$ cat input.cif   # mmCIF, C-alpha atoms
data_data
#
loop_
_atom_site.label_atom_id
_atom_site.label_comp_id
_atom_site.auth_asym_id
_atom_site.auth_seq_id
_atom_site.Cartn_x
_atom_site.Cartn_y
_atom_site.Cartn_z
CA MET A 1 9.76 16.92 5.91
CA ASP A 2 10.31 19.27 2.96
CA SER A 3 7.32 21.59 2.85
CA THR A 4 7.51 21.53 -0.95
CA TRP A 5 5.96 18.05 -0.97
CA GLN A 6 2.90 17.94 1.22
CA HIS A 7 0.63 14.97 1.73
CA THR A 8 -3.13 15.03 2.21
CA THR A 9 -4.29 11.92 4.04
CA VAL A 10 -7.14 10.15 2.26
CA LEU A 11 -10.23 9.04 4.22
CA LEU A 12 -8.59 10.35 7.36
CA HIS A 13 -11.55 10.53 9.73
CA GLU A 14 -13.42 7.60 8.22
CA ALA A 15 -10.39 5.32 8.65
CA VAL A 16 -9.66 6.34 12.24
CA ASP A 17 -13.34 6.09 13.23
CA ALA A 18 -13.45 2.56 11.80
CA LEU A 19 -10.13 1.55 13.36
CA LEU A 20 -11.06 2.70 16.85
CA ALA A 21 -14.59 1.31 16.50
CA GLN A 22 -16.06 4.38 18.12
CA ASP A 23 -17.79 7.66 17.52
CA PRO A 24 -15.38 10.65 17.46
CA ASP A 25 -17.10 12.06 20.56
CA ALA A 26 -16.78 8.83 22.55
CA PRO A 27 -14.29 8.54 25.45
CA ARG A 28 -10.67 8.06 24.50
CA ARG A 29 -9.60 4.54 23.62
CA ALA A 30 -7.20 2.26 25.41
CA GLY A 31 -5.37 -0.62 23.75
CA THR A 32 -2.56 -1.04 21.24
CA PHE A 33 -3.08 0.01 17.64
CA VAL A 34 -0.91 -0.28 14.55
CA ASP A 35 -0.43 2.18 11.70
CA ALA A 36 1.19 -0.27 9.28
CA THR A 37 2.07 2.44 6.75
CA PHE A 38 3.05 5.63 8.58
CA GLY A 39 3.70 7.68 5.44
CA ARG A 40 3.67 11.27 6.65
CA GLY A 41 1.72 10.53 9.80
CA GLY A 42 -1.74 11.91 9.12
CA HIS A 43 -3.54 8.84 10.43
CA SER A 44 -1.07 8.34 13.29
CA ARG A 45 -1.50 11.84 14.65
CA LEU A 46 -5.29 11.59 14.65
CA ILE A 47 -5.17 8.15 16.30
CA LEU A 48 -2.90 9.48 19.05
CA SER A 49 -5.30 12.38 19.67
CA ARG A 50 -8.05 9.86 20.42
CA LEU A 51 -6.12 7.37 22.58
CA ASP A 52 -6.17 7.56 26.35
CA ARG A 53 -3.10 7.63 28.54
CA GLU A 54 -2.77 3.86 28.48
CA GLY A 55 -3.19 3.57 24.72
CA ARG A 56 -0.30 2.70 22.43
CA LEU A 57 0.40 3.23 18.73
CA ILE A 58 3.04 1.26 16.84
CA ALA A 59 3.87 2.48 13.33
CA PHE A 60 5.78 0.80 10.52
CA ASP A 61 7.39 2.27 7.40
CA LYS A 62 10.23 1.36 5.04
CA ASP A 63 10.90 4.91 3.82
CA PRO A 64 13.74 6.71 5.66
CA GLU A 65 11.99 10.04 5.02
CA ALA A 66 8.87 8.70 6.75
CA ILE A 67 10.99 7.54 9.68
CA ALA A 68 12.48 11.03 9.98
CA GLU A 69 8.99 12.54 10.00
CA ALA A 70 7.84 10.03 12.64
CA GLN A 71 10.69 11.00 14.91
CA ARG A 72 9.18 14.47 15.17
CA ILE A 73 6.28 12.99 17.17
CA ASP A 74 7.14 13.48 20.83
CA ASP A 75 4.69 11.14 22.52
CA PRO A 76 5.62 8.27 24.86
CA ARG A 77 2.63 6.30 23.56
CA PHE A 78 4.09 6.22 20.04
CA SER A 79 6.87 4.16 18.48
CA ILE A 80 8.06 3.74 14.89
CA ARG A 81 9.75 0.74 13.28
CA HIS A 82 11.90 1.05 10.15
CA ALA A 83 10.39 -2.04 8.56
CA GLY A 84 7.78 -3.10 6.06
CA PHE A 85 4.40 -4.24 7.26
CA ARG A 86 5.22 -7.83 6.38
CA ASP A 87 6.91 -7.71 9.82
CA LEU A 88 3.58 -7.28 11.60
CA GLY A 89 3.80 -10.93 12.56
CA GLU A 90 6.62 -10.09 14.98
CA LEU A 91 4.09 -8.46 17.32
CA PRO A 92 2.70 -10.62 20.13
CA ALA A 93 -0.30 -12.79 19.32
CA ALA A 94 -3.74 -11.26 20.00
CA SER A 95 -2.10 -8.10 21.33
CA VAL A 96 -3.51 -5.51 18.92
CA ALA A 97 -6.91 -3.77 18.95
CA GLY A 98 -6.68 -2.48 15.39
CA VAL A 99 -4.47 -2.40 12.28
CA LEU A 100 -4.63 0.35 9.67
CA MET A 101 -3.03 -0.12 6.22
CA ASP A 102 -2.96 2.92 3.92
CA LEU A 103 -1.51 1.28 0.82
CA GLY A 104 0.37 2.68 -2.14
CA ILE A 105 2.68 5.68 -2.12
CA SER A 106 2.41 9.11 -0.53
CA SER A 107 2.31 12.44 -2.36
CA PRO A 108 5.82 13.45 -1.23
CA GLN A 109 7.18 10.24 -2.75
CA ILE A 110 5.38 10.91 -6.03
CA ASP A 111 6.16 14.61 -6.19
CA ASN A 112 9.88 14.41 -5.36
CA PRO A 113 11.69 13.66 -8.67
CA ALA A 114 14.70 12.32 -6.77
CA ARG A 115 12.67 9.29 -5.67
CA GLY A 116 11.99 8.22 -9.27
CA PHE A 117 8.35 7.25 -8.76
CA SER A 118 6.81 9.64 -11.27
CA PHE A 119 7.14 10.36 -14.98
CA ARG A 120 6.09 13.98 -14.42
CA GLY A 121 9.57 15.07 -13.39
CA ASP A 122 13.00 13.84 -14.44
CA GLY A 123 14.95 11.95 -11.82
CA PRO A 124 16.93 8.76 -11.22
CA LEU A 125 15.03 5.58 -12.04
CA ASP A 126 14.96 4.37 -8.45
CA MET A 127 11.40 3.70 -7.09
CA ARG A 128 12.55 1.95 -3.90
CA MET A 129 10.40 2.63 -0.85
CA ASP A 130 13.46 1.95 1.30
CA THR A 131 16.38 3.79 -0.27
CA THR A 132 18.85 2.15 2.13
CA ARG A 133 18.60 -1.31 0.59
CA GLY A 134 17.51 -3.33 -2.40
CA GLU A 135 17.84 -3.00 -6.16
CA THR A 136 16.67 0.06 -8.07
CA VAL A 137 14.44 -0.15 -11.13
CA ALA A 138 17.33 1.11 -13.29
CA SER A 139 19.58 -1.68 -12.03
CA TRP A 140 16.95 -4.35 -12.64
CA LEU A 141 16.10 -3.13 -16.13
CA ALA A 142 19.82 -3.16 -16.97
CA HIS A 143 19.95 -6.97 -16.78
CA ALA A 144 16.40 -8.37 -16.89
CA GLU A 145 15.34 -10.31 -19.97
CA ALA A 146 12.54 -9.05 -22.19
CA ALA A 147 10.23 -11.86 -21.11
CA GLN A 148 10.74 -10.98 -17.42
CA ILE A 149 10.11 -7.28 -18.03
CA ALA A 150 6.97 -8.01 -20.05
CA GLU A 151 5.63 -10.30 -17.33
CA VAL A 152 6.09 -7.63 -14.66
CA ILE A 153 4.50 -4.86 -16.73
CA ARG A 154 1.59 -7.10 -17.74
CA ASP A 155 0.90 -8.63 -14.31
CA TYR A 156 1.46 -5.59 -12.09
CA GLY A 157 0.44 -2.84 -14.50
CA GLU A 158 -2.33 -4.63 -16.40
CA GLU A 159 -0.67 -3.17 -19.50
CA ARG A 160 -1.77 -4.69 -22.80
CA PHE A 161 1.33 -3.34 -24.56
CA ALA A 162 3.71 -5.03 -22.10
CA VAL A 163 5.56 -7.09 -24.73
CA PRO A 164 6.42 -4.22 -27.11
CA ILE A 165 7.42 -2.02 -24.15
CA ALA A 166 9.73 -4.74 -22.83
CA LYS A 167 11.28 -5.28 -26.25
CA ALA A 168 11.84 -1.55 -26.62
CA ILE A 169 13.58 -1.39 -23.23
CA VAL A 170 15.95 -4.22 -24.16
CA ALA A 171 16.59 -2.79 -27.63
CA ARG A 172 17.43 0.59 -26.13
CA ARG A 173 19.78 -1.12 -23.65
CA GLN A 174 21.62 -2.92 -26.43
CA GLU A 175 21.88 0.13 -28.67
CA ARG A 176 22.59 3.00 -26.27
CA GLY A 177 23.01 1.51 -22.81
CA PRO A 178 20.49 0.99 -20.00
CA LEU A 179 17.83 3.48 -19.00
CA ALA A 180 18.88 5.71 -16.12
CA SER A 181 16.15 8.32 -15.64
CA THR A 182 12.39 8.54 -15.36
CA ALA A 183 12.22 10.87 -18.36
CA GLU A 184 14.03 8.34 -20.54
CA LEU A 185 11.64 5.55 -19.56
CA ALA A 186 8.54 7.73 -19.98
CA GLU A 187 9.66 8.85 -23.42
CA LEU A 188 10.40 5.28 -24.52
CA VAL A 189 6.96 4.09 -23.36
CA ALA A 190 5.23 7.03 -25.07
CA ARG A 191 6.90 6.11 -28.37
CA THR A 192 5.86 2.47 -27.97
CA VAL A 193 2.27 2.82 -26.75
CA LYS A 194 0.25 4.30 -29.57
CA THR A 195 -3.15 4.45 -27.88
CA ARG A 196 -4.21 5.14 -24.31
CA GLU A 197 -7.32 6.00 -22.34
CA PRO A 198 -8.18 9.73 -22.47
CA GLY A 199 -6.40 11.67 -19.77
CA GLN A 200 -3.94 8.90 -18.90
CA ASP A 201 -0.24 9.20 -19.63
CA PRO A 202 1.08 6.23 -21.65
CA ALA A 203 3.68 5.53 -18.95
CA THR A 204 1.20 5.29 -16.04
CA ARG A 205 0.78 1.52 -16.06
CA THR A 206 4.47 0.80 -16.66
CA PHE A 207 5.61 2.99 -13.77
CA GLN A 208 3.00 1.43 -11.47
CA ALA A 209 4.10 -2.07 -12.44
CA LEU A 210 7.81 -1.47 -11.90
CA ARG A 211 7.20 0.22 -8.53
CA ILE A 212 5.02 -2.63 -7.29
CA PHE A 213 7.53 -5.22 -8.46
CA ILE A 214 10.72 -3.63 -7.16
CA ASN A 215 9.14 -3.20 -3.70
CA ALA A 216 7.38 -6.60 -3.69
CA GLU A 217 4.25 -4.69 -2.66
CA LEU A 218 1.63 -7.33 -3.35
CA GLU A 219 3.59 -10.13 -1.72
CA GLU A 220 4.16 -7.93 1.32
CA LEU A 221 0.47 -7.04 1.47
CA GLN A 222 -0.54 -10.69 1.43
CA ALA A 223 1.93 -11.51 4.21
CA ALA A 224 0.73 -8.56 6.29
CA LEU A 225 -2.91 -9.51 5.94
CA GLU A 226 -2.17 -13.06 7.05
CA ALA A 227 -0.29 -11.68 10.06
CA THR A 228 -3.32 -9.69 11.19
CA LEU A 229 -5.17 -12.94 11.92
CA ASP A 230 -2.53 -13.70 14.56
CA ILE A 231 -1.94 -10.29 16.10
CA LEU A 232 -5.52 -8.95 16.25
CA ALA A 233 -7.38 -9.64 19.48
CA PRO A 234 -11.02 -10.74 19.19
CA GLY A 235 -13.03 -7.67 18.24
CA GLY A 236 -9.95 -5.98 16.77
CA ARG A 237 -10.38 -4.08 13.52
CA LEU A 238 -8.58 -4.38 10.18
CA VAL A 239 -8.86 -1.22 8.05
CA ALA A 240 -7.24 -1.23 4.60
CA ILE A 241 -7.24 1.64 2.08
CA SER A 242 -6.18 0.69 -1.45
CA PHE A 243 -5.67 2.82 -4.54
CA HIS A 244 -5.62 0.35 -7.42
CA SER A 245 -7.45 -2.81 -8.37
CA LEU A 246 -4.60 -5.23 -7.67
CA GLU A 247 -4.34 -4.16 -4.03
CA ASP A 248 -8.08 -3.97 -3.51
CA ARG A 249 -8.58 -7.42 -5.04
CA ILE A 250 -6.15 -8.95 -2.55
CA VAL A 251 -7.81 -7.21 0.41
CA LYS A 252 -11.31 -8.05 -0.80
CA GLN A 253 -10.50 -11.72 -1.39
CA PHE A 254 -8.69 -12.02 1.95
CA ILE A 255 -11.64 -10.63 3.90
CA ALA A 256 -14.10 -12.73 1.89
CA GLN A 257 -12.06 -15.89 2.42
CA HIS A 258 -12.03 -15.48 6.19
CA SER A 259 -15.57 -14.09 6.50
CA ARG A 260 -17.38 -17.25 5.52
CA GLU A 261 -17.82 -20.68 7.02
CA VAL A 262 -15.78 -23.30 5.17
CA PHE A 263 -17.27 -26.70 4.49
CA ASP A 264 -15.10 -29.77 3.99
CA ARG A 265 -16.49 -31.58 0.94
CA ARG A 266 -14.80 -34.77 2.11
CA ALA A 267 -16.87 -34.67 5.30
CA PRO A 268 -20.27 -33.25 4.29
CA PHE A 269 -21.85 -33.82 7.69
CA ALA A 270 -19.04 -32.23 9.69
CA ALA A 271 -19.49 -28.78 11.19
CA PRO A 272 -18.01 -26.05 8.98
CA ALA A 273 -14.86 -24.20 9.98
CA PRO A 274 -16.18 -20.92 11.42
CA MET A 275 -15.16 -17.52 10.09
CA LYS A 276 -12.20 -15.63 11.51
CA LEU A 277 -13.25 -12.20 10.23
CA ARG A 278 -16.52 -10.33 9.96
CA ALA A 279 -16.72 -7.97 6.97
CA LEU A 280 -18.11 -4.63 8.11
CA ALA A 281 -17.84 -1.94 5.45
CA ARG A 282 -16.66 -0.73 2.08
CA VAL A 283 -16.15 3.04 1.94
CA ARG A 284 -15.32 5.44 -0.90
CA PRO A 285 -14.25 9.10 -0.59
CA THR A 286 -17.01 11.66 -0.80
CA PRO A 287 -17.30 13.90 -3.87
CA GLN A 288 -16.16 16.77 -1.66
CA GLU A 289 -12.94 14.95 -0.69
CA ILE A 290 -12.21 14.02 -4.30
CA ALA A 291 -12.73 17.62 -5.39
CA ALA A 292 -10.30 18.81 -2.72
CA ASN A 293 -7.79 15.99 -3.33
CA PRO A 294 -8.06 14.37 -6.80
CA ARG A 295 -5.63 11.63 -5.77
CA ALA A 296 -8.37 10.27 -3.51
CA ARG A 297 -10.63 9.36 -6.43
CA SER A 298 -9.48 5.74 -6.72
CA ALA A 299 -9.39 4.98 -2.98
CA ILE A 300 -11.42 2.12 -1.51
CA MET A 301 -11.46 1.40 2.22
CA ARG A 302 -12.48 -2.01 3.51
CA VAL A 303 -13.13 -2.77 7.17
CA ALA A 304 -13.30 -6.13 8.94
CA GLU A 305 -13.41 -7.29 12.55
CA ARG A 306 -11.56 -10.24 14.08
CA THR A 307 -13.85 -12.85 15.56
CA GLY A 308 -12.85 -15.04 18.48
CA VAL A 309 -12.50 -18.08 16.21
CA GLY A 310 -9.02 -19.53 16.01
CA ALA A 311 -7.54 -16.61 17.91
CA PRO A 312 -4.16 -17.39 19.48
#
$ encode --input "input.cif" --output "structure tokens"
Amino acid sequence: MDSTWQHTTVLLHEAVDALLAQDPDAPRRAGTFVDATFGRGGHSRLILSRLDREGRLIAFDKDPEAIAEAQRIDDPRFSIRHAGFRDLGELPAASVAGVLMDLGISSPQIDNPARGFSFRGDGPLDMRMDTTRGETVASWLAHAEAAQIAEVIRDYGEERFAVPIAKAIVARRQERGPLASTAELAELVARTVKTREPGQDPATRTFQALRIFINAELEELQAALEATLDILAPGGRLVAISFHSLEDRIVKQFIAQHSREVFDRRAPFAAPAPMKLRALARVRPTPQEIAANPRARSAIMRVAERTGVGAP
């Protein structure tokens, strides 16, 4: 990993404590655990340090740079899969003692202009998590209709100026050719968005929306959460750290949906369908962590435990 772009893992100890369901001073854990978003390996390395000899850690990541970093871990208990976490369902049923999802993007992805995730440096308008496949943002914007672009920016960026931004992108494409760089897109958005919350760049919501869309992040998150119901053994933990409201809403609603008994209105006297999850905690970073790592300020960690109901 290029030392220029370092990553500070958010809620590192809180997440691993919750995942392993133990005090840090407790005996080492056995069982199979999953780091569904390896990133730069902060969580994975701490998990491995607290597993016993029979423990196992399976990591997933779509980013080739993350895969390269994972290959530096020389530990027979560890394996990495070049895949998104929607593929969690390929693991055997009820085989996993805990799943950790650290959602969003890592600092090296944001800070490296060549990845195209940020408007703070000029680079190709790419934004793919997996640079070996799929369509780039530049390619999609070169052919998408204004209505499609507006829908993406509105739904995934919660941007109230989505329509004028989309129209400006298409007008620019027709007049001078498609956008190719992050600086071009950021400048176009800044000219179009006349007002913005203090301290927020006008392009923030647009860049977030296009990244989420091009990587199908929310659809993948929903699929991964559903898969945890199959792969978690009874008592297994789900730990999810989100960094924006769209992700957190999906996690919150998923846990809530499966943490309550469901009554069939058509059969009012029938026993309710029992809950498959037990909601355990909602955790925010401490003021000290936020001061040391400002990117942690929006993080929310939710923890749930698999019950024995409906387990495979």
$ closest_residue --input "input.cif" --among "A:Asp102, A:Asp122, A:Glu159, A:Asp130" --to "A:Glu187" --atoms "all atoms listed in the file"
A:Asp122
$ closest_atom_pairs --input "input.cif" --of "stretch 89-166 of chain A" --to "stretch 299-310 of chain A" --cutoff "10 Å" --atoms "only C-alpha atoms" --output "CSV"
residue,atom,partner,partner_atom,distance
A:Ala94,CA,A:Arg306,CA,9.9
A:Ala97,CA,A:Arg306,CA,9.3
A:Gly98,CA,A:Glu305,CA,8.7
A:Leu100,CA,A:Val303,CA,9.4
A:Met101,CA,A:Met301,CA,9.5
A:Asp102,CA,A:Met301,CA,8.8
A:Leu103,CA,A:Ala299,CA,9.5
$ closest_residue --input "input.cif" --among "A:Arg282, A:Arg81, A:Arg40, A:Arg154" --to "A:Ala15" --atoms "all atoms listed in the file"
A:Arg282
$ resolve_selection --input "input.cif" --expression "the PyMOL selection byres ((chain A and resi 231) around 10)" --output "compact mmCIF listing (two decimals) with C-alpha atoms, keeping the file's coordinate frame"
# COMPACT_ATOMS: atom_id res chain seq x y z
CA LEU A 88 3.58 -7.28 11.60
CA GLY A 89 3.80 -10.93 12.56
CA GLU A 90 6.62 -10.09 14.98
CA LEU A 91 4.09 -8.46 17.32
CA PRO A 92 2.70 -10.62 20.13
CA ALA A 93 -0.30 -12.79 19.32
CA ALA A 94 -3.74 -11.26 20.00
CA SER A 95 -2.10 -8.10 21.33
CA VAL A 96 -3.51 -5.51 18.92
CA ALA A 97 -6.91 -3.77 18.95
CA GLY A 98 -6.68 -2.48 15.39
CA VAL A 99 -4.47 -2.40 12.28
CA GLU A 226 -2.17 -13.06 7.05
CA ALA A 227 -0.29 -11.68 10.06
CA THR A 228 -3.32 -9.69 11.19
CA LEU A 229 -5.17 -12.94 11.92
CA ASP A 230 -2.53 -13.70 14.56
CA LEU A 232 -5.52 -8.95 16.25
CA ALA A 233 -7.38 -9.64 19.48
CA PRO A 234 -11.02 -10.74 19.19
CA GLY A 236 -9.95 -5.98 16.77
CA ARG A 306 -11.56 -10.24 14.08
CA ALA A 311 -7.54 -16.61 17.91
CA PRO A 312 -4.16 -17.39 19.48
$ closest_atom_pairs --input "input.cif" --of "stretch 67-122 of chain A" --to "stretch 193-207 of chain A" --cutoff "9 Å" --atoms "all atoms listed in the file" --output "CSV"
residue,atom,partner,partner_atom,distance
A:Phe117,CA,A:Phe207,CA,7.1
A:Ser118,CA,A:Phe207,CA,7.2
A:Phe119,CA,A:Ala203,CA,7.1
$ closest_residue --input "input.cif" --among "A:Gln288, A:Ser79, A:Gln22, A:Gln208" --to "A:Leu246" --atoms "only C-alpha atoms"
A:Gln208
$ residues_around --input "input.cif" --residues "A:Gln148" --least-positions-apart "6" --cutoff "10 Å" --atoms "only C-alpha atoms" --output "ChimeraX atom specification"
/A:141,154,163,166
$ decode --input "input.cif" --residues "stretch 29-40 of chain A" --atoms "all heavy atoms" --output "JSON list (two decimals), in the first residue's frame"
[["chain", "number", "residue", "atom", "x", "y", "z"],
["A", 29, "ARG", "N", -10.83, -16.27, 20.84],
["A", 29, "ARG", "CA", -12.05, -16.87, 20.30],
["A", 29, "ARG", "C", -11.75, -17.93, 19.25],
["A", 29, "ARG", "O", -10.83, -17.82, 18.46],
["A", 29, "ARG", "CB", -12.91, -15.78, 19.63],
["A", 29, "ARG", "CG", -13.76, -14.95, 20.58],
["A", 29, "ARG", "CD", -14.84, -15.77, 21.26],
["A", 29, "ARG", "NE", -15.65, -16.54, 20.36],
["A", 29, "ARG", "CZ", -16.82, -16.14, 19.84],
["A", 29, "ARG", "NH1", -17.31, -14.95, 20.17],
["A", 29, "ARG", "NH2", -17.51, -16.90, 19.05],
["A", 30, "ALA", "N", -12.61, -18.92, 19.22],
["A", 30, "ALA", "CA", -12.63, -19.88, 18.11],
["A", 30, "ALA", "C", -13.73, -19.44, 17.16],
["A", 30, "ALA", "O", -14.37, -18.41, 17.34],
["A", 30, "ALA", "CB", -12.88, -21.28, 18.63],
["A", 31, "GLY", "N", -13.96, -20.25, 16.12],
["A", 31, "GLY", "CA", -15.04, -19.94, 15.19],
["A", 31, "GLY", "C", -14.57, -19.24, 13.93],
["A", 31, "GLY", "O", -13.42, -18.81, 13.82],
["A", 32, "THR", "N", -15.50, -19.12, 12.98],
["A", 32, "THR", "CA", -15.22, -18.45, 11.71],
["A", 32, "THR", "C", -15.90, -17.09, 11.69],
["A", 32, "THR", "O", -17.10, -16.99, 11.97],
["A", 32, "THR", "CB", -15.75, -19.29, 10.53],
["A", 32, "THR", "OG1", -15.05, -20.54, 10.49],
["A", 32, "THR", "CG2", -15.54, -18.57, 9.20],
["A", 33, "PHE", "N", -15.13, -16.07, 11.35],
["A", 33, "PHE", "CA", -15.64, -14.71, 11.29],
["A", 33, "PHE", "C", -15.42, -14.15, 9.89],
["A", 33, "PHE", "O", -14.57, -14.63, 9.13],
["A", 33, "PHE", "CB", -14.97, -13.82, 12.34],
["A", 33, "PHE", "CG", -15.31, -14.23, 13.75],
["A", 33, "PHE", "CD1", -14.61, -15.25, 14.39],
["A", 33, "PHE", "CD2", -16.36, -13.63, 14.41],
["A", 33, "PHE", "CE1", -14.94, -15.65, 15.67],
["A", 33, "PHE", "CE2", -16.71, -14.02, 15.70],
["A", 33, "PHE", "CZ", -15.99, -15.03, 16.33],
["A", 34, "VAL", "N", -16.19, -13.12, 9.56],
["A", 34, "VAL", "CA", -16.12, -12.52, 8.23],
["A", 34, "VAL", "C", -15.90, -11.02, 8.36],
["A", 34, "VAL", "O", -16.65, -10.33, 9.07],
["A", 34, "VAL", "CB", -17.41, -12.78, 7.43],
["A", 34, "VAL", "CG1", -17.40, -12.00, 6.11],
["A", 34, "VAL", "CG2", -17.58, -14.28, 7.15],
["A", 35, "ASP", "N", -14.88, -10.52, 7.68],
["A", 35, "ASP", "CA", -14.70, -9.08, 7.49],
["A", 35, "ASP", "C", -15.18, -8.82, 6.06],
["A", 35, "ASP", "O", -14.46, -9.06, 5.09],
["A", 35, "ASP", "CB", -13.23, -8.69, 7.66],
["A", 35, "ASP", "CG", -13.03, -7.18, 7.55],
["A", 35, "ASP", "OD1", -13.97, -6.47, 7.15],
["A", 35, "ASP", "OD2", -11.91, -6.70, 7.86],
["A", 36, "ALA", "N", -16.41, -8.35, 5.94],
["A", 36, "ALA", "CA", -17.05, -8.25, 4.62],
["A", 36, "ALA", "C", -16.51, -7.13, 3.77],
["A", 36, "ALA", "O", -16.78, -7.08, 2.57],
["A", 36, "ALA", "CB", -18.57, -8.09, 4.80],
["A", 37, "THR", "N", -15.75, -6.22, 4.40],
["A", 37, "THR", "CA", -15.18, -5.08, 3.67],
["A", 37, "THR", "C", -13.76, -4.88, 4.19],
["A", 37, "THR", "O", -13.54, -4.05, 5.07],
["A", 37, "THR", "CB", -16.02, -3.81, 3.90],
["A", 37, "THR", "OG1", -16.31, -3.69, 5.31],
["A", 37, "THR", "CG2", -17.34, -3.89, 3.15],
["A", 38, "PHE", "N", -12.80, -5.60, 3.64],
["A", 38, "PHE", "CA", -11.44, -5.61, 4.17],
["A", 38, "PHE", "C", -10.81, -4.22, 4.18],
["A", 38, "PHE", "O", -10.15, -3.85, 5.16],
["A", 38, "PHE", "CB", -10.57, -6.57, 3.35],
["A", 38, "PHE", "CG", -9.13, -6.60, 3.79],
["A", 38, "PHE", "CD1", -8.74, -7.37, 4.87],
["A", 38, "PHE", "CD2", -8.16, -5.85, 3.12],
["A", 38, "PHE", "CE1", -7.41, -7.40, 5.28],
["A", 38, "PHE", "CE2", -6.83, -5.87, 3.53],
["A", 38, "PHE", "CZ", -6.46, -6.64, 4.62],
["A", 39, "GLY", "N", -11.00, -3.45, 3.13],
["A", 39, "GLY", "CA", -10.41, -2.11, 3.07],
["A", 39, "GLY", "C", -8.91, -2.15, 3.12],
["A", 39, "GLY", "O", -8.25, -2.68, 2.23],
["A", 40, "ARG", "N", -8.33, -1.63, 4.21],
["A", 40, "ARG", "CA", -6.88, -1.72, 4.38],
["A", 40, "ARG", "C", -6.52, -2.59, 5.57],
["A", 40, "ARG", "O", -5.39, -2.59, 6.05],
["A", 40, "ARG", "CB", -6.27, -0.32, 4.50],
["A", 40, "ARG", "CG", -6.37, 0.50, 3.20],
["A", 40, "ARG", "CD", -5.75, -0.24, 2.02],
["A", 40, "ARG", "NE", -5.79, 0.53, 0.78],
["A", 40, "ARG", "CZ", -6.74, 0.44, -0.15],
["A", 40, "ARG", "NH1", -7.77, -0.39, 0.05],
["A", 40, "ARG", "NH2", -6.69, 1.15, -1.25]]
